[in-house]
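With mmCIF, C-alpha atoms inside, this is start.cif:
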data_final
loop_
_atom_site.label_atom_id
_atom_site.label_comp_id
_atom_site.auth_asym_id
_atom_site.auth_seq_id
_atom_site.Cartn_x
_atom_site.Cartn_y
_atom_site.Cartn_z
CA MET A 193 -31.44 -37.06 -10.98
CA THR A 194 -32.14 -34.71 -8.11
CA THR A 195 -30.06 -31.57 -8.38
CA VAL A 196 -29.10 -29.14 -5.64
CA LEU A 197 -31.65 -26.71 -7.06
CA ASP A 198 -34.34 -29.40 -6.79
CA GLU A 199 -33.32 -29.97 -3.17
CA LEU A 200 -33.58 -26.26 -2.41
CA LEU A 201 -37.01 -26.03 -4.05
CA ALA A 202 -38.16 -29.05 -2.03
CA ALA A 203 -36.93 -27.47 1.20
CA ASN A 204 -38.66 -24.24 0.26
CA GLN A 205 -41.88 -26.10 -0.50
CA ALA A 206 -41.66 -27.91 2.84
CA PHE A 207 -41.40 -24.54 4.54
CA TYR A 208 -44.61 -23.24 2.93
CA ALA A 209 -46.39 -26.55 3.48
CA ALA A 210 -45.57 -26.35 7.20
CA PHE A 211 -46.60 -22.69 7.23
CA ALA A 212 -49.94 -23.43 5.50
CA ALA A 213 -50.56 -26.41 7.80
CA ARG A 214 -49.68 -24.24 10.83
CA ASP A 215 -47.32 -27.03 11.86
CA ILE A 216 -44.99 -25.34 14.31
CA ALA A 217 -43.02 -28.55 14.96
CA ALA A 218 -42.27 -28.88 11.26
CA LEU A 219 -41.32 -25.20 11.05
CA ASP A 220 -39.03 -25.65 14.03
CA ASP A 221 -37.33 -28.58 12.33
CA LEU A 222 -36.86 -26.63 9.10
CA TRP A 223 -34.94 -23.78 10.75
CA SER A 224 -31.23 -24.10 11.37
CA ARG A 225 -29.80 -25.00 14.76
CA GLU A 226 -26.17 -24.78 13.60
CA HIS A 227 -26.21 -21.20 12.35
CA GLU A 228 -27.55 -17.90 13.60
CA VAL A 229 -30.88 -17.12 11.95
CA ALA A 230 -32.90 -14.01 11.11
CA VAL A 231 -36.27 -12.97 9.73
CA LEU A 232 -37.55 -9.78 8.12
CA HIS A 233 -41.33 -9.96 8.17
CA PRO A 234 -42.92 -7.12 6.20
CA GLY A 235 -43.59 -4.19 8.51
CA TRP A 236 -41.90 -5.80 11.51
CA PRO A 237 -38.61 -4.87 13.11
CA ALA A 238 -35.82 -7.25 12.16
CA LEU A 239 -35.76 -10.43 14.23
CA PHE A 240 -32.42 -12.01 15.06
CA GLY A 241 -31.78 -15.32 16.78
CA ARG A 242 -33.65 -18.62 16.89
CA ALA A 243 -35.84 -17.70 19.88
CA ALA A 244 -37.17 -14.51 18.29
CA VAL A 245 -37.56 -16.11 14.86
CA MET A 246 -39.49 -19.16 16.10
CA GLU A 247 -41.62 -17.03 18.40
CA SER A 248 -42.65 -14.98 15.36
CA TRP A 249 -43.69 -18.07 13.40
CA ARG A 250 -45.58 -19.39 16.42
CA GLY A 251 -47.42 -16.09 16.73
CA ILE A 252 -48.29 -16.04 13.03
CA VAL A 253 -49.50 -19.62 12.66
CA GLU A 254 -51.25 -19.80 16.02
CA GLY A 255 -52.71 -16.28 15.81
CA ALA A 256 -56.36 -15.36 15.64
CA GLN A 257 -56.08 -14.78 11.90
CA PRO A 258 -53.35 -17.07 10.57
CA PRO A 259 -52.72 -16.27 6.91
CA GLU A 260 -53.69 -18.57 4.08
CA ILE A 261 -50.45 -18.94 2.16
CA ALA A 262 -49.22 -20.64 -0.98
CA CYS A 263 -45.88 -20.31 -2.71
CA GLY A 264 -45.57 -19.81 -6.45
CA ASP A 265 -42.94 -19.05 -9.09
CA ALA A 266 -40.17 -20.46 -6.89
CA ARG A 267 -36.67 -20.18 -8.27
CA ALA A 268 -33.55 -21.57 -6.61
CA PHE A 269 -29.95 -20.35 -6.55
CA ALA A 270 -27.11 -22.44 -5.14
CA GLN A 271 -23.60 -21.59 -3.95
CA ARG A 272 -21.89 -24.79 -2.77
CA ASP A 273 -23.27 -25.48 0.74
CA ALA A 274 -25.60 -22.48 0.69
CA GLY A 275 -28.49 -21.36 -1.43
CA PHE A 276 -31.59 -19.27 -1.60
CA VAL A 277 -35.04 -19.46 -3.12
CA ILE A 278 -37.07 -16.50 -4.38
CA CYS A 279 -40.81 -16.99 -4.66
CA ILE A 280 -44.14 -15.23 -4.65
CA GLU A 281 -46.20 -15.74 -1.49
CA HIS A 282 -49.87 -15.79 -2.40
CA LEU A 283 -51.85 -14.65 0.62
CA GLY A 284 -55.57 -14.15 1.02
CA GLY A 285 -55.40 -10.43 0.41
CA GLY A 286 -52.54 -10.11 -2.05
CA SER A 287 -49.03 -11.27 -2.62
CA LEU A 288 -45.53 -10.76 -1.29
CA ILE A 289 -42.14 -11.58 -2.76
CA ALA A 290 -39.80 -13.52 -0.53
CA THR A 291 -36.21 -14.60 -0.21
CA ASN A 292 -35.53 -17.76 1.79
CA VAL A 293 -31.87 -18.45 2.53
CA PHE A 294 -30.73 -22.01 3.26
CA ALA A 295 -27.57 -23.63 4.59
CA ARG A 296 -26.72 -27.30 4.28
CA GLU A 297 -26.56 -29.12 7.61
CA GLN A 298 -25.43 -32.73 7.29
CA ARG A 299 -27.63 -33.83 4.39
CA ALA A 300 -30.53 -31.42 4.86
CA TRP A 301 -31.13 -27.84 3.80
CA LYS A 302 -32.14 -25.66 6.74
CA LEU A 303 -33.50 -22.13 6.72
CA VAL A 304 -31.21 -19.42 8.04
CA HIS A 305 -33.09 -16.34 6.84
CA HIS A 306 -36.42 -15.17 5.42
CA GLN A 307 -37.37 -11.76 4.07
CA ALA A 308 -40.74 -10.97 2.55
CA GLY A 309 -41.80 -7.67 1.08
CA PRO A 310 -44.26 -6.13 -1.34
CA ALA A 311 -44.43 -7.83 -4.72
CA ALA A 312 -44.66 -5.58 -7.75
CA SER A 313 -46.52 -8.19 -9.75
CA PRO A 314 -46.97 -11.95 -9.72
CA THR A 315 -44.95 -12.16 -12.93
CA LEU A 316 -41.22 -12.59 -12.56
CA GLU A 317 -38.78 -11.14 -15.08
CA THR A 318 -35.65 -12.86 -16.15
CA ASP A 319 -32.82 -12.53 -18.61
CA THR A 320 -31.85 -16.18 -18.49
CA ALA A 321 -33.51 -19.43 -19.32
CA SER A 322 -35.01 -21.47 -16.50
CA LEU A 323 -32.29 -22.91 -14.31
CA HIS A 324 -33.80 -26.36 -13.95
CA MET B 142 -8.10 -10.53 14.16
CA THR B 143 -10.47 -10.16 11.24
CA THR B 144 -13.35 -12.57 11.50
CA VAL B 145 -15.61 -13.85 8.75
CA LEU B 146 -18.31 -11.55 10.09
CA ASP B 147 -15.96 -8.58 9.79
CA GLU B 148 -15.20 -9.59 6.21
CA LEU B 149 -18.90 -9.76 5.39
CA LEU B 150 -19.54 -6.36 6.97
CA ALA B 151 -16.63 -4.90 4.98
CA ALA B 152 -18.00 -6.36 1.73
CA ASN B 153 -21.43 -4.97 2.58
CA GLN B 154 -19.93 -1.55 3.33
CA ALA B 155 -18.04 -1.63 0.03
CA PHE B 156 -21.35 -2.27 -1.73
CA TYR B 157 -23.00 0.78 -0.18
CA ALA B 158 -19.90 2.92 -0.73
CA ALA B 159 -19.95 2.01 -4.42
CA PHE B 160 -23.69 2.66 -4.54
CA ALA B 161 -23.35 6.06 -2.86
CA ALA B 162 -20.41 6.97 -5.12
CA ARG B 163 -22.42 5.82 -8.17
CA ASP B 164 -19.38 3.75 -9.12
CA ILE B 165 -20.76 1.21 -11.56
CA ALA B 166 -17.35 -0.41 -12.11
CA ALA B 167 -17.01 -1.06 -8.39
CA LEU B 168 -20.56 -2.40 -8.23
CA ASP B 169 -19.80 -4.67 -11.16
CA ASP B 170 -16.74 -6.02 -9.37
CA LEU B 171 -18.70 -6.65 -6.17
CA TRP B 172 -21.30 -8.88 -7.85
CA SER B 173 -20.55 -12.55 -8.39
CA ARG B 174 -19.45 -13.92 -11.73
CA GLU B 175 -19.30 -17.53 -10.51
CA HIS B 176 -22.87 -17.87 -9.31
CA GLU B 177 -26.28 -16.93 -10.66
CA VAL B 178 -27.45 -13.66 -9.06
CA ALA B 179 -30.77 -11.98 -8.31
CA VAL B 180 -32.19 -8.72 -7.00
CA LEU B 181 -35.54 -7.79 -5.48
CA HIS B 182 -35.77 -4.00 -5.59
CA PRO B 183 -38.81 -2.69 -3.70
CA GLY B 184 -41.74 -2.37 -6.06
CA TRP B 185 -39.91 -3.93 -9.01
CA PRO B 186 -40.44 -7.32 -10.58
CA ALA B 187 -37.80 -9.82 -9.53
CA LEU B 188 -34.58 -9.57 -11.53
CA PHE B 189 -32.63 -12.74 -12.29
CA GLY B 190 -29.25 -13.05 -13.96
CA ARG B 191 -26.17 -10.84 -14.04
CA ALA B 192 -27.25 -8.80 -17.07
CA ALA B 193 -30.61 -7.82 -15.56
CA VAL B 194 -29.11 -7.19 -12.12
CA MET B 195 -26.27 -4.97 -13.32
CA GLU B 196 -28.58 -3.12 -15.71
CA SER B 197 -30.79 -2.26 -12.73
CA TRP B 198 -27.85 -0.84 -10.73
CA ARG B 199 -26.70 1.11 -13.75
CA GLY B 200 -30.17 2.59 -14.14
CA ILE B 201 -30.37 3.48 -10.47
CA VAL B 202 -26.96 5.10 -10.06
CA GLU B 203 -26.92 6.81 -13.46
CA GLY B 204 -30.58 7.87 -13.33
CA ALA B 205 -31.89 11.40 -13.22
CA GLN B 206 -32.49 11.11 -9.49
CA PRO B 207 -29.95 8.67 -8.08
CA PRO B 208 -30.74 8.03 -4.42
CA GLU B 209 -28.62 9.28 -1.59
CA ILE B 210 -27.94 6.12 0.40
CA ALA B 211 -26.17 5.15 3.60
CA CYS B 212 -26.16 1.84 5.37
CA GLY B 213 -26.71 1.52 9.11
CA ASP B 214 -27.20 -1.14 11.78
CA ALA B 215 -25.48 -3.76 9.64
CA ARG B 216 -25.40 -7.25 11.09
CA ALA B 217 -23.64 -10.23 9.50
CA PHE B 218 -24.46 -13.95 9.50
CA ALA B 219 -22.04 -16.57 8.18
CA GLN B 220 -22.48 -20.16 7.04
CA ARG B 221 -19.11 -21.53 5.94
CA ASP B 222 -18.50 -20.13 2.42
CA ALA B 223 -21.74 -18.15 2.37
CA GLY B 224 -23.20 -15.38 4.43
CA PHE B 225 -25.62 -12.51 4.50
CA VAL B 226 -25.84 -9.04 5.96
CA ILE B 227 -29.02 -7.33 7.14
CA CYS B 228 -28.96 -3.56 7.35
CA ILE B 229 -31.06 -0.44 7.26
CA GLU B 230 -30.73 1.62 4.09
CA HIS B 231 -31.09 5.29 4.92
CA LEU B 232 -32.38 7.08 1.85
CA GLY B 233 -33.29 10.70 1.39
CA GLY B 234 -36.98 10.15 1.94
CA GLY B 235 -37.02 7.31 4.43
CA SER B 236 -35.48 3.96 5.09
CA LEU B 237 -35.60 0.40 3.81
CA ILE B 238 -34.44 -2.84 5.35
CA ALA B 239 -32.22 -5.00 3.18
CA THR B 240 -30.75 -8.46 2.94
CA ASN B 241 -27.50 -8.81 1.02
CA VAL B 242 -26.39 -12.40 0.35
CA PHE B 243 -22.73 -13.15 -0.31
CA ALA B 244 -20.74 -16.14 -1.55
CA ARG B 245 -17.01 -16.56 -1.16
CA GLU B 246 -15.10 -16.60 -4.43
CA GLN B 247 -11.43 -17.33 -4.05
CA ARG B 248 -10.63 -14.96 -1.17
CA ALA B 249 -13.31 -12.34 -1.73
CA TRP B 250 -16.96 -12.13 -0.75
CA LYS B 251 -19.18 -11.41 -3.74
CA LEU B 252 -22.84 -10.44 -3.80
CA VAL B 253 -25.26 -13.03 -5.13
CA HIS B 254 -28.56 -11.47 -4.02
CA HIS B 255 -30.10 -8.26 -2.68
CA GLN B 256 -33.61 -7.68 -1.38
CA ALA B 257 -34.80 -4.38 0.05
CA GLY B 258 -38.22 -3.69 1.47
CA PRO B 259 -40.06 -1.36 3.82
CA ALA B 260 -38.43 -0.96 7.23
CA ALA B 261 -40.75 -0.94 10.21
CA SER B 262 -38.40 1.22 12.21
CA PRO B 263 -34.71 2.09 12.22
CA THR B 264 -34.29 0.18 15.47
CA LEU B 265 -33.46 -3.49 15.19
CA GLU B 266 -34.71 -6.02 17.71
CA THR B 267 -32.68 -8.93 18.90
CA ASP B 268 -32.79 -11.75 21.38
CA THR B 269 -29.06 -12.38 21.38
CA ALA B 270 -25.97 -10.43 22.25
CA SER B 271 -23.97 -8.88 19.43
CA LEU B 272 -22.27 -11.58 17.38
CA HIS B 273 -18.92 -9.88 17.17
#
Do you think you could lay out the structure here as structure tokens?
Amino acid sequence: MTTVLDELLAANQAFYAAFAARDIAALDDLWSREHEVAVLHPGWPALFGRAAVMESWRGIVEGAQPPEIACGDARAFAQRDAGFVICIEHLGGGSLIATNVFAREQRAWKLVHHQAGPAASPTLETDTASLH
Amino acid sequence: MTTVLDELLAANQAFYAAFAARDIAALDDLWSREHEVAVLHPGWPALFGRAAVMESWRGIVEGAQPPEIACGDARAFAQRDAGFVICIEHLGGGSLIATNVFAREQRAWKLVHHQAGPAASPTLETDTASLH
């Protein structure tokens, strides 16, 4: 049976697949149109609003040096019609740790926020058993 | 009239007030007991689960050098019974940019996640007018 956590992990994986494929149309579809959105790219000023957020993704994936990216160690957290996924972003030159926040719209999970920052290590610590 | 965004900003302010006051009981009350929680402190491994999260706050506020902290430029985003606040954390030696994710429990907003990372600048960029 597919759980809410599975759905969130699938939405998160779709986000990184679109990112890695530099598929701006898929990225556009994955970001919410019902809610205000935001992004905190590492080292950038905060970006608020769909226009600024999508422009940033367009610049990153269509840039001269688009990053190679893969997502690992993803872990999902759900709160009714909202949820977030924490994962390690493996980039060519190192790794970041990211939070991706999702809201349910009709039957799909859509991104409403992304923050990535320096990762201490690719190993995640926990005090609980795996949630799924 | 108090809006949902006002409520989220008040919950966020309560979090930083408790942090600045090193009030571990208040911090404990502000973090969710209904949902799984997480924290990404800058430079730390990811922390998952209430025990690990609260232990980290206890260590920070009761440590030998607890940080002076104040929150600025807070901006709230709501999605039904969930929401998040982005703000600049002004610390003694610099600033961080943070995401605080909240879920509604009964009538209160409770923290379910916190990520802080390097802030590019204390000035936030936007493509939309203020939301409230």
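What separates CA of Thr144 in chain B from CA of Ile229 in chain B is a distance of 21.9 Å.
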Picked residues, the PyMOL selection byres ((chain B) within 9 of (chain A)), expected as a ChimeraX atom specification
/B:175-179,181,183-193,218-225,227,238-240,242,244-245,253-254,256-269
Taking 2 positions as the minimum chain separation for residues in the same chain, which residues sit within 8 Å of Tyr157 in chain B when counting all atoms listed in the file? Answer as a PyMOL selection string.
chain B and resi 153-155+159-161+210-212
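Interatomic distance, CA of Ala152 in chain B to CA of Arg299 in chain A: 29.2 Å.
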May I ask for the distance between CA of Leu201 in chain A and CA of Val277 in chain A, given in Å to one decimal place?
6.9 Å
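Shortest separation to Ser173 in chain B among B:Leu237, B:His231, B:Lys251, B:Met195 occurs at residue B:Lys251, atoms counted being only C-alpha atoms.
The residues returned by the PyMOL selection byres ((chain A and resi 258) around 12) on the shown structure are Phe211, Ala212, Ala213, Arg214, Asp215, Ser248, Trp249, Arg250, Gly251, Ile252, Val253, Glu254, Gly255, Ala256, Gln257, Pro259, Glu260, Ile261, Leu283 and Gly284 of chain A.
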